[in-house]
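A.B. asks: Below is the file query.txt, which contains compact mmCIF, C-alpha atoms.
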# COMPACT_ATOMS: atom_id res chain seq x y z
CA LEU A 23 81.17 -5.45 22.44
CA ALA A 24 79.01 -2.54 23.51
CA LYS A 25 75.32 -3.24 23.03
CA THR A 26 73.56 -0.07 21.92
CA THR A 27 69.91 0.92 22.11
CA GLN A 28 68.41 3.76 20.12
CA PRO A 29 64.90 4.82 19.07
CA ILE A 30 63.54 3.09 16.01
CA SER A 31 62.29 6.29 14.39
CA MET A 32 62.06 10.06 14.79
CA ASP A 33 60.30 12.83 12.91
CA SER A 34 61.44 16.44 12.67
CA TYR A 35 60.55 19.55 10.73
CA GLU A 36 63.02 21.23 8.47
CA GLY A 37 65.23 23.77 10.20
CA GLN A 38 64.99 22.16 13.63
CA GLU A 39 67.81 20.67 15.63
CA VAL A 40 67.55 16.92 16.00
CA ASN A 41 69.04 14.98 18.89
CA ILE A 42 69.23 11.20 18.73
CA THR A 43 70.22 9.52 21.97
CA CYS A 44 71.85 6.13 22.16
CA SER A 45 72.25 4.00 25.28
CA HIS A 46 75.32 1.81 25.74
CA ASN A 47 75.35 0.72 29.39
CA ASN A 48 78.02 -1.95 28.98
CA ILE A 49 80.51 0.14 27.06
CA ALA A 50 84.09 -0.95 27.66
CA THR A 51 87.05 1.24 28.52
CA ASN A 52 88.54 0.94 25.05
CA ASP A 53 85.29 1.43 23.17
CA TYR A 54 84.64 4.47 21.03
CA ILE A 55 81.19 5.60 19.99
CA THR A 56 80.70 5.93 16.27
CA TRP A 57 77.72 7.09 14.27
CA TYR A 58 76.96 6.16 10.70
CA GLN A 59 74.34 7.55 8.35
CA GLN A 60 72.58 5.57 5.64
CA PHE A 61 70.55 7.08 2.84
CA PRO A 62 68.05 4.93 0.93
CA SER A 63 69.69 2.62 -1.61
CA GLN A 64 73.19 3.44 -0.34
CA GLY A 65 75.67 1.91 2.06
CA PRO A 66 76.24 3.44 5.49
CA ARG A 67 78.60 6.40 5.73
CA PHE A 68 80.71 7.43 8.73
CA ILE A 69 79.65 10.77 10.19
CA ILE A 70 81.25 11.18 13.61
CA GLN A 71 83.13 9.39 16.38
CA GLY A 72 84.02 10.20 19.97
CA TYR A 73 85.31 8.81 23.23
CA LYS A 74 84.06 11.34 25.78
CA THR A 75 82.82 14.94 26.14
CA LYS A 76 81.98 16.66 22.87
CA VAL A 77 83.08 16.24 19.30
CA THR A 78 81.97 18.45 16.45
CA ASN A 79 82.54 18.30 12.72
CA GLU A 80 80.94 19.87 9.68
CA VAL A 81 78.06 17.41 9.77
CA ALA A 82 77.11 16.88 13.41
CA SER A 83 78.04 17.07 17.07
CA LEU A 84 78.40 14.18 19.43
CA PHE A 85 77.91 14.54 23.17
CA ILE A 86 79.16 11.82 25.52
CA PRO A 87 78.69 12.30 29.28
CA ALA A 88 81.35 11.40 31.80
CA ASP A 89 79.91 7.96 32.56
CA ARG A 90 79.85 7.17 28.82
CA LYS A 91 76.71 5.07 29.18
CA SER A 92 74.93 7.10 26.56
CA SER A 93 75.66 9.49 23.74
CA THR A 94 73.66 12.02 21.76
CA LEU A 95 74.06 12.80 18.10
CA SER A 96 73.00 16.35 17.33
CA LEU A 97 72.13 17.48 13.81
CA PRO A 98 71.74 21.25 13.57
CA ARG A 99 68.97 22.71 11.39
CA VAL A 100 68.04 19.54 9.52
CA SER A 101 66.93 19.62 5.93
CA LEU A 102 65.02 17.11 3.83
CA SER A 103 68.34 15.67 2.70
CA ASP A 104 69.08 14.56 6.26
CA THR A 105 66.31 11.98 6.03
CA ALA A 106 68.21 8.75 6.63
CA VAL A 107 68.85 5.95 9.08
CA TYR A 108 71.38 6.77 11.80
CA TYR A 109 73.35 4.01 13.52
CA CYS A 110 75.07 4.23 16.88
CA LEU A 111 77.89 1.75 17.38
CA GLY A 112 80.36 0.96 20.12
CA GLY A 113 83.59 -0.94 19.88
CA ALA A 114 87.37 -0.70 19.93
CA GLY A 115 88.00 -1.76 16.37
CA SER A 116 86.11 -1.53 13.11
CA TYR A 117 85.74 -5.30 13.13
CA GLN A 118 83.65 -5.00 16.29
CA LEU A 119 80.93 -2.85 14.81
CA THR A 120 77.37 -4.10 15.17
CA PHE A 121 74.92 -1.99 13.22
CA GLY A 122 71.46 -3.28 14.14
CA LYS A 123 68.43 -1.38 12.84
CA GLY A 124 69.39 2.20 13.69
CA THR A 125 67.09 5.23 14.00
CA LYS A 126 65.07 6.22 10.98
CA LEU A 127 64.93 10.02 10.84
CA SER A 128 62.21 11.56 8.70
CA VAL A 129 62.48 15.29 8.03
CA ILE A 130 59.16 16.90 7.23
CA PRO A 131 58.87 20.05 5.10
CA ASP B 174 90.05 6.24 -5.53
CA ALA B 175 86.73 4.94 -6.85
CA GLY B 176 85.67 3.64 -3.48
CA VAL B 177 84.46 0.14 -2.80
CA ILE B 178 83.10 -1.46 -5.94
CA GLN B 179 80.46 -4.15 -5.91
CA SER B 180 78.97 -6.16 -8.72
CA PRO B 181 76.38 -6.86 -9.79
CA ARG B 182 74.22 -4.03 -8.44
CA HIS B 183 71.08 -6.09 -8.89
CA GLU B 184 70.61 -9.83 -9.15
CA VAL B 185 67.42 -11.76 -9.70
CA THR B 186 67.65 -15.51 -9.62
CA GLU B 187 65.56 -18.56 -9.02
CA MET B 188 65.63 -20.68 -5.94
CA GLY B 189 68.35 -23.32 -6.12
CA GLN B 190 70.66 -21.34 -8.35
CA GLU B 191 74.17 -20.32 -7.37
CA VAL B 192 74.75 -16.64 -6.73
CA THR B 193 78.15 -14.95 -6.66
CA LEU B 194 78.60 -11.43 -5.40
CA ARG B 195 81.82 -9.57 -6.01
CA CYS B 196 83.69 -6.83 -4.20
CA LYS B 197 86.76 -4.74 -4.87
CA PRO B 198 87.91 -2.93 -1.71
CA ILE B 199 89.64 0.41 -1.60
CA SER B 200 93.28 0.01 -2.55
CA GLY B 201 95.52 -0.33 0.49
CA HIS B 202 92.77 -1.29 2.91
CA ASP B 203 93.53 -4.41 4.91
CA TYR B 204 90.09 -5.23 6.30
CA LEU B 205 87.14 -6.36 4.22
CA PHE B 206 83.62 -6.96 5.51
CA TRP B 207 80.49 -8.54 4.07
CA TYR B 208 77.12 -7.44 5.44
CA ARG B 209 73.54 -8.36 4.74
CA GLN B 210 70.66 -5.94 5.22
CA THR B 211 66.98 -6.78 5.51
CA MET B 212 64.01 -4.93 6.92
CA MET B 213 63.51 -7.54 9.61
CA ARG B 214 67.08 -7.92 10.86
CA GLY B 215 68.75 -4.67 9.89
CA LEU B 216 72.42 -4.64 8.91
CA GLU B 217 74.24 -7.82 9.92
CA LEU B 218 77.92 -8.62 9.67
CA LEU B 219 78.42 -11.93 7.88
CA ILE B 220 82.20 -12.28 7.73
CA TYR B 221 85.32 -10.18 7.73
CA PHE B 222 88.85 -10.62 6.44
CA ASN B 223 92.16 -9.17 7.55
CA ASN B 224 94.97 -9.25 5.03
CA ASN B 225 92.93 -11.67 2.90
CA VAL B 226 92.46 -14.12 5.78
CA PRO B 227 88.97 -14.82 7.13
CA ILE B 228 88.94 -13.81 10.78
CA ASP B 229 85.35 -14.19 11.91
CA ASP B 230 82.63 -15.95 9.93
CA SER B 231 80.26 -16.43 12.84
CA GLY B 232 77.68 -14.28 11.10
CA MET B 233 77.45 -16.50 8.04
CA PRO B 234 73.93 -17.92 8.25
CA GLU B 235 74.66 -21.46 7.11
CA ASP B 236 76.82 -23.68 4.96
CA ARG B 237 75.16 -22.45 1.81
CA PHE B 238 77.13 -19.23 2.24
CA SER B 239 80.84 -19.02 1.56
CA ALA B 240 83.27 -16.14 1.10
CA LYS B 241 86.75 -15.94 -0.31
CA MET B 242 89.40 -13.31 -0.71
CA PRO B 243 92.04 -14.65 -3.12
CA ASN B 244 93.96 -11.37 -3.11
CA ALA B 245 93.93 -7.91 -1.59
CA SER B 246 91.79 -6.43 -4.34
CA PHE B 247 89.02 -8.96 -4.72
CA SER B 248 86.49 -10.87 -2.66
CA THR B 249 83.46 -13.00 -3.42
CA LEU B 250 80.41 -14.04 -1.46
CA LYS B 251 78.74 -17.13 -2.83
CA ILE B 252 75.34 -18.59 -2.03
CA GLN B 253 74.74 -22.14 -3.22
CA PRO B 254 71.94 -23.09 -3.44
CA SER B 255 70.07 -19.82 -3.04
CA GLU B 256 66.72 -19.61 -1.28
CA PRO B 257 64.02 -16.90 -1.22
CA ARG B 258 64.94 -15.98 2.37
CA ASP B 259 68.37 -14.95 1.10
CA SER B 260 66.77 -11.98 -0.62
CA ALA B 261 68.44 -8.89 0.81
CA VAL B 262 70.92 -6.14 0.06
CA TYR B 263 74.48 -7.33 0.48
CA PHE B 264 77.13 -4.74 1.28
CA CYS B 265 80.86 -4.98 1.13
CA ALA B 266 82.99 -2.58 3.18
CA SER B 267 86.69 -2.04 3.69
CA SER B 268 88.84 -0.26 6.24
CA LEU B 269 92.45 0.49 7.01
CA ASN B 270 94.03 -0.56 10.26
CA THR B 271 95.78 2.54 11.54
CA GLY B 272 97.15 1.22 14.81
CA THR B 273 97.36 -1.69 17.18
CA SER B 274 97.20 -0.18 20.64
CA GLY B 275 94.07 -0.29 22.73
CA GLY B 276 91.86 2.76 22.96
CA ARG B 277 92.53 3.86 19.42
CA PRO B 278 89.67 5.19 17.36
CA GLN B 279 87.76 2.78 15.25
CA GLU B 280 88.86 2.79 11.69
CA THR B 281 86.20 4.12 9.39
CA GLN B 282 84.49 1.51 7.28
CA TYR B 283 83.82 2.51 3.69
CA PHE B 284 80.82 0.80 2.19
CA GLY B 285 80.11 -0.11 -1.38
CA PRO B 286 76.77 0.61 -3.07
CA GLY B 287 75.46 -2.85 -2.31
CA THR B 288 74.03 -5.70 -4.35
CA ARG B 289 70.26 -6.08 -4.22
CA LEU B 290 69.51 -9.81 -4.44
CA LEU B 291 66.09 -11.23 -5.14
CA VAL B 292 65.64 -14.97 -5.07
CA LEU B 293 62.35 -16.11 -6.55
Taking this structure as input, can you express it in the form of structure tokens?

C.D. replies:
Amino acid sequence: LAKTTQPISMDSYEGQEVNITCSHNNIATNDYITWYQQFPSQGPRFIIQGYKTKVTNEVASLFIPADRKSSTLSLPRVSLSDTAVYYCLGGAGSYQLTFGKGTKLSVIP
Amino acid sequence: DAGVIQSPRHEVTEMGQEVTLRCKPISGHDYLFWYRQTMMRGLELLIYFNNNVPIDDSGMPEDRFSAKMPNASFSTLKIQPSEPRDSAVYFCASSLNTGTSGGRPQETQYFGPGTRLLVL
């Protein structure tokens, strides 16, 4: 299983772009990188997944360099409602997900 | 679909009592997961089932914890006897296996709202 490392917390002002970087040096060939978001008092929610290069959806973008040893989740123009914990996970099946403590993003007005 | 349903949403009990948490996965999903979340340890996988069969219970903290899945639409996590250190939020999640070949994307896990357990 890919062991991931990400910052414990980040602060950002409303309207700014936020980039959260995750390290996964031992990622395996079959592993995908998946990010989940968790709001207070709720369960985690899938936001984006990728294997390499760039993936974009209506919520975020995910950048994965060629060596795949890290990835960056990009949230454009954050709002207060983006305050949440963001988890970076690596694995080849949902049963291999290890969530850990994630990155607590605080958006400041 | 109503999503993953967990009950109760909140449970307060005294040390030594038996606690049973319940989960109804999304219809048609063949994987079910039980997680525990605390401030100190984050979100930890306790056990997961595939087609109602327990596959990996290595995350279950000790023999006081047990989980069952008698059918595809119901699972329980039982703590007997409960202890104050079991206080946490317990999440159930389910997913659908969409393929068997390597390199496929991870199936999205859908989480329930959680059960907040407080053992006094």

A.B. asks: To one decimal place, how far is CA of Ser128 (chain A) from CA of Ser103 (chain A) in Å?

C.D. replies: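 Distance reported for this atom pair: 9.5 Å.
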
A.B. asks: If the cut-off is 12 Å, can you tell me the residues of chain A near chain B, counting only C-alpha atoms? I'd like them as a count of residues only.

C.D. replies: 45

A.B. asks: Which value, in Å to one decimal, gives the distance between CA of Thr193 (chain B) and CA of Ala240 (chain B)?

C.D. replies: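 For CA of Thr193 (chain B) relative to CA of Ala240 (chain B), the distance reads 9.4 Å.
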
A.B. asks: Please indicate the distance in Å from CA of Asn224 (chain B) to CA of Ala245 (chain B), rounded to one decimal place.

C.D. replies: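 We find that CA of Asn224 (chain B) and CA of Ala245 (chain B) lie 6.8 Å from each other.
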
A.B. asks: Extract, using all atoms listed in the file, all DNA, RNA and protein residues at most 9 Å from Pro257 (chain B), discarding same-chain residues fewer than 3 positions from it, and format them as a compact mmCIF listing (two decimals) with C-alpha atoms, keeping the file's coordinate frame.

C.D. replies:
# COMPACT_ATOMS: atom_id res chain seq x y z
CA GLU B 187 65.56 -18.56 -9.02
CA MET B 188 65.63 -20.68 -5.94
CA SER B 260 66.77 -11.98 -0.62
CA LEU B 291 66.09 -11.23 -5.14
CA VAL B 292 65.64 -14.97 -5.07
CA LEU B 293 62.35 -16.11 -6.55

A.B. asks: The residues within 10 Å of (98.6, -6.9, 0.9), using all atoms listed in the file and the coordinates of the file, should be reported as a ChimeraX atom specification; which are they?

C.D. replies: /B:200-203,223-225,244-246

A.B. asks: Would you put the residues from that selection into a file with C-alpha atoms, as a PDB file, in the coordinates of the input?

C.D. replies:
ATOM      1  CA  SER B 200      93.280   0.010  -2.550  1.00  0.00           C
ATOM      2  CA  GLY B 201      95.520  -0.330   0.490  1.00  0.00           C
ATOM      3  CA  HIS B 202      92.770  -1.290   2.910  1.00  0.00           C
ATOM      4  CA  ASP B 203      93.530  -4.410   4.910  1.00  0.00           C
ATOM      5  CA  ASN B 223      92.160  -9.170   7.550  1.00  0.00           C
ATOM      6  CA  ASN B 224      94.970  -9.250   5.030  1.00  0.00           C
ATOM      7  CA  ASN B 225      92.930 -11.670   2.900  1.00  0.00           C
ATOM      8  CA  ASN B 244      93.960 -11.370  -3.110  1.00  0.00           C
ATOM      9  CA  ALA B 245      93.930  -7.910  -1.590  1.00  0.00           C
ATOM     10  CA  SER B 246      91.790  -6.430  -4.340  1.00  0.00           C
TER      11      SER B 246
END

A.B. asks: Could you pull the residues within 6 Å of region 252-255 of chain B, counting only C-alpha atoms, minus those fewer than 5 positions along the same chain, as a list in words?

C.D. replies: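 Close residues of region 252-255 of chain B: Met188, Gly189, Gln190, Glu191, Val192, Arg237 and Phe238 of chain B.
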
A.B. asks: Rebuild region 58-87 of chain A so that it carries N, CA and C atoms, then output the result as a compact mmCIF listing (two decimals), keeping the file's coordinate frame.

C.D. replies:
# COMPACT_ATOMS: atom_id res chain seq x y z
N TYR A 58 77.01 6.25 12.15
CA TYR A 58 76.96 6.16 10.70
C TYR A 58 75.59 6.63 10.23
N GLN A 59 75.56 7.07 8.98
CA GLN A 59 74.34 7.55 8.35
C GLN A 59 74.11 6.73 7.08
N GLN A 60 72.88 6.33 6.85
CA GLN A 60 72.58 5.57 5.64
C GLN A 60 71.39 6.16 4.91
N PHE A 61 71.63 6.60 3.69
CA PHE A 61 70.55 7.08 2.84
C PHE A 61 69.93 5.90 2.10
N PRO A 62 68.69 6.02 1.67
CA PRO A 62 68.05 4.93 0.93
C PRO A 62 68.89 4.51 -0.28
N SER A 63 68.99 3.22 -0.47
CA SER A 63 69.69 2.62 -1.61
C SER A 63 71.19 2.91 -1.61
N GLN A 64 71.75 3.23 -0.45
CA GLN A 64 73.19 3.44 -0.34
C GLN A 64 73.72 2.68 0.87
N GLY A 65 75.04 2.50 0.89
CA GLY A 65 75.67 1.91 2.06
C GLY A 65 75.84 2.95 3.15
N PRO A 66 76.02 2.50 4.40
CA PRO A 66 76.24 3.44 5.49
C PRO A 66 77.49 4.27 5.28
N ARG A 67 77.47 5.47 5.87
CA ARG A 67 78.60 6.40 5.73
C ARG A 67 78.95 6.93 7.11
N PHE A 68 80.23 6.91 7.45
CA PHE A 68 80.71 7.43 8.73
C PHE A 68 80.39 8.91 8.84
N ILE A 69 79.85 9.35 10.01
CA ILE A 69 79.65 10.77 10.19
C ILE A 69 80.43 11.34 11.37
N ILE A 70 80.55 10.60 12.48
CA ILE A 70 81.25 11.18 13.61
C ILE A 70 81.63 10.09 14.60
N GLN A 71 82.67 10.35 15.37
CA GLN A 71 83.13 9.39 16.38
C GLN A 71 83.68 10.15 17.58
N GLY A 72 83.49 9.56 18.77
CA GLY A 72 84.02 10.20 19.97
C GLY A 72 84.27 9.20 21.07
N TYR A 73 85.02 9.65 22.06
CA TYR A 73 85.31 8.81 23.23
C TYR A 73 84.63 9.38 24.47
N LYS A 74 84.76 10.69 24.69
CA LYS A 74 84.06 11.34 25.78
C LYS A 74 83.93 12.82 25.48
N THR A 75 83.14 13.51 26.25
CA THR A 75 82.82 14.94 26.14
C THR A 75 82.15 15.24 24.81
N LYS A 76 82.68 16.20 24.08
CA LYS A 76 81.98 16.66 22.87
C LYS A 76 82.92 16.65 21.68
N VAL A 77 82.36 16.21 20.57
CA VAL A 77 83.08 16.24 19.30
C VAL A 77 82.19 16.91 18.29
N THR A 78 82.76 17.76 17.47
CA THR A 78 81.97 18.45 16.45
C THR A 78 82.72 18.42 15.13
N ASN A 79 81.97 18.17 14.06
CA ASN A 79 82.54 18.30 12.72
C ASN A 79 81.54 19.06 11.86
N GLU A 80 81.78 19.07 10.58
CA GLU A 80 80.94 19.87 9.68
C GLU A 80 79.53 19.30 9.52
N VAL A 81 79.35 18.08 9.96
CA VAL A 81 78.06 17.41 9.77
C VAL A 81 77.22 17.40 11.05
N ALA A 82 77.87 17.10 12.17
CA ALA A 82 77.11 16.88 13.41
C ALA A 82 77.99 17.13 14.63
N SER A 83 77.33 17.05 15.78
CA SER A 83 78.04 17.07 17.07
C SER A 83 77.68 15.81 17.82
N LEU A 84 78.61 15.38 18.63
CA LEU A 84 78.40 14.18 19.43
C LEU A 84 78.72 14.51 20.87
N PHE A 85 77.74 14.26 21.75
CA PHE A 85 77.91 14.54 23.17
C PHE A 85 77.96 13.22 23.93
N ILE A 86 79.00 13.04 24.72
CA ILE A 86 79.16 11.82 25.52
C ILE A 86 79.41 12.24 26.96
N PRO A 87 78.50 11.90 27.88
CA PRO A 87 78.69 12.30 29.28
C PRO A 87 79.84 11.55 29.92
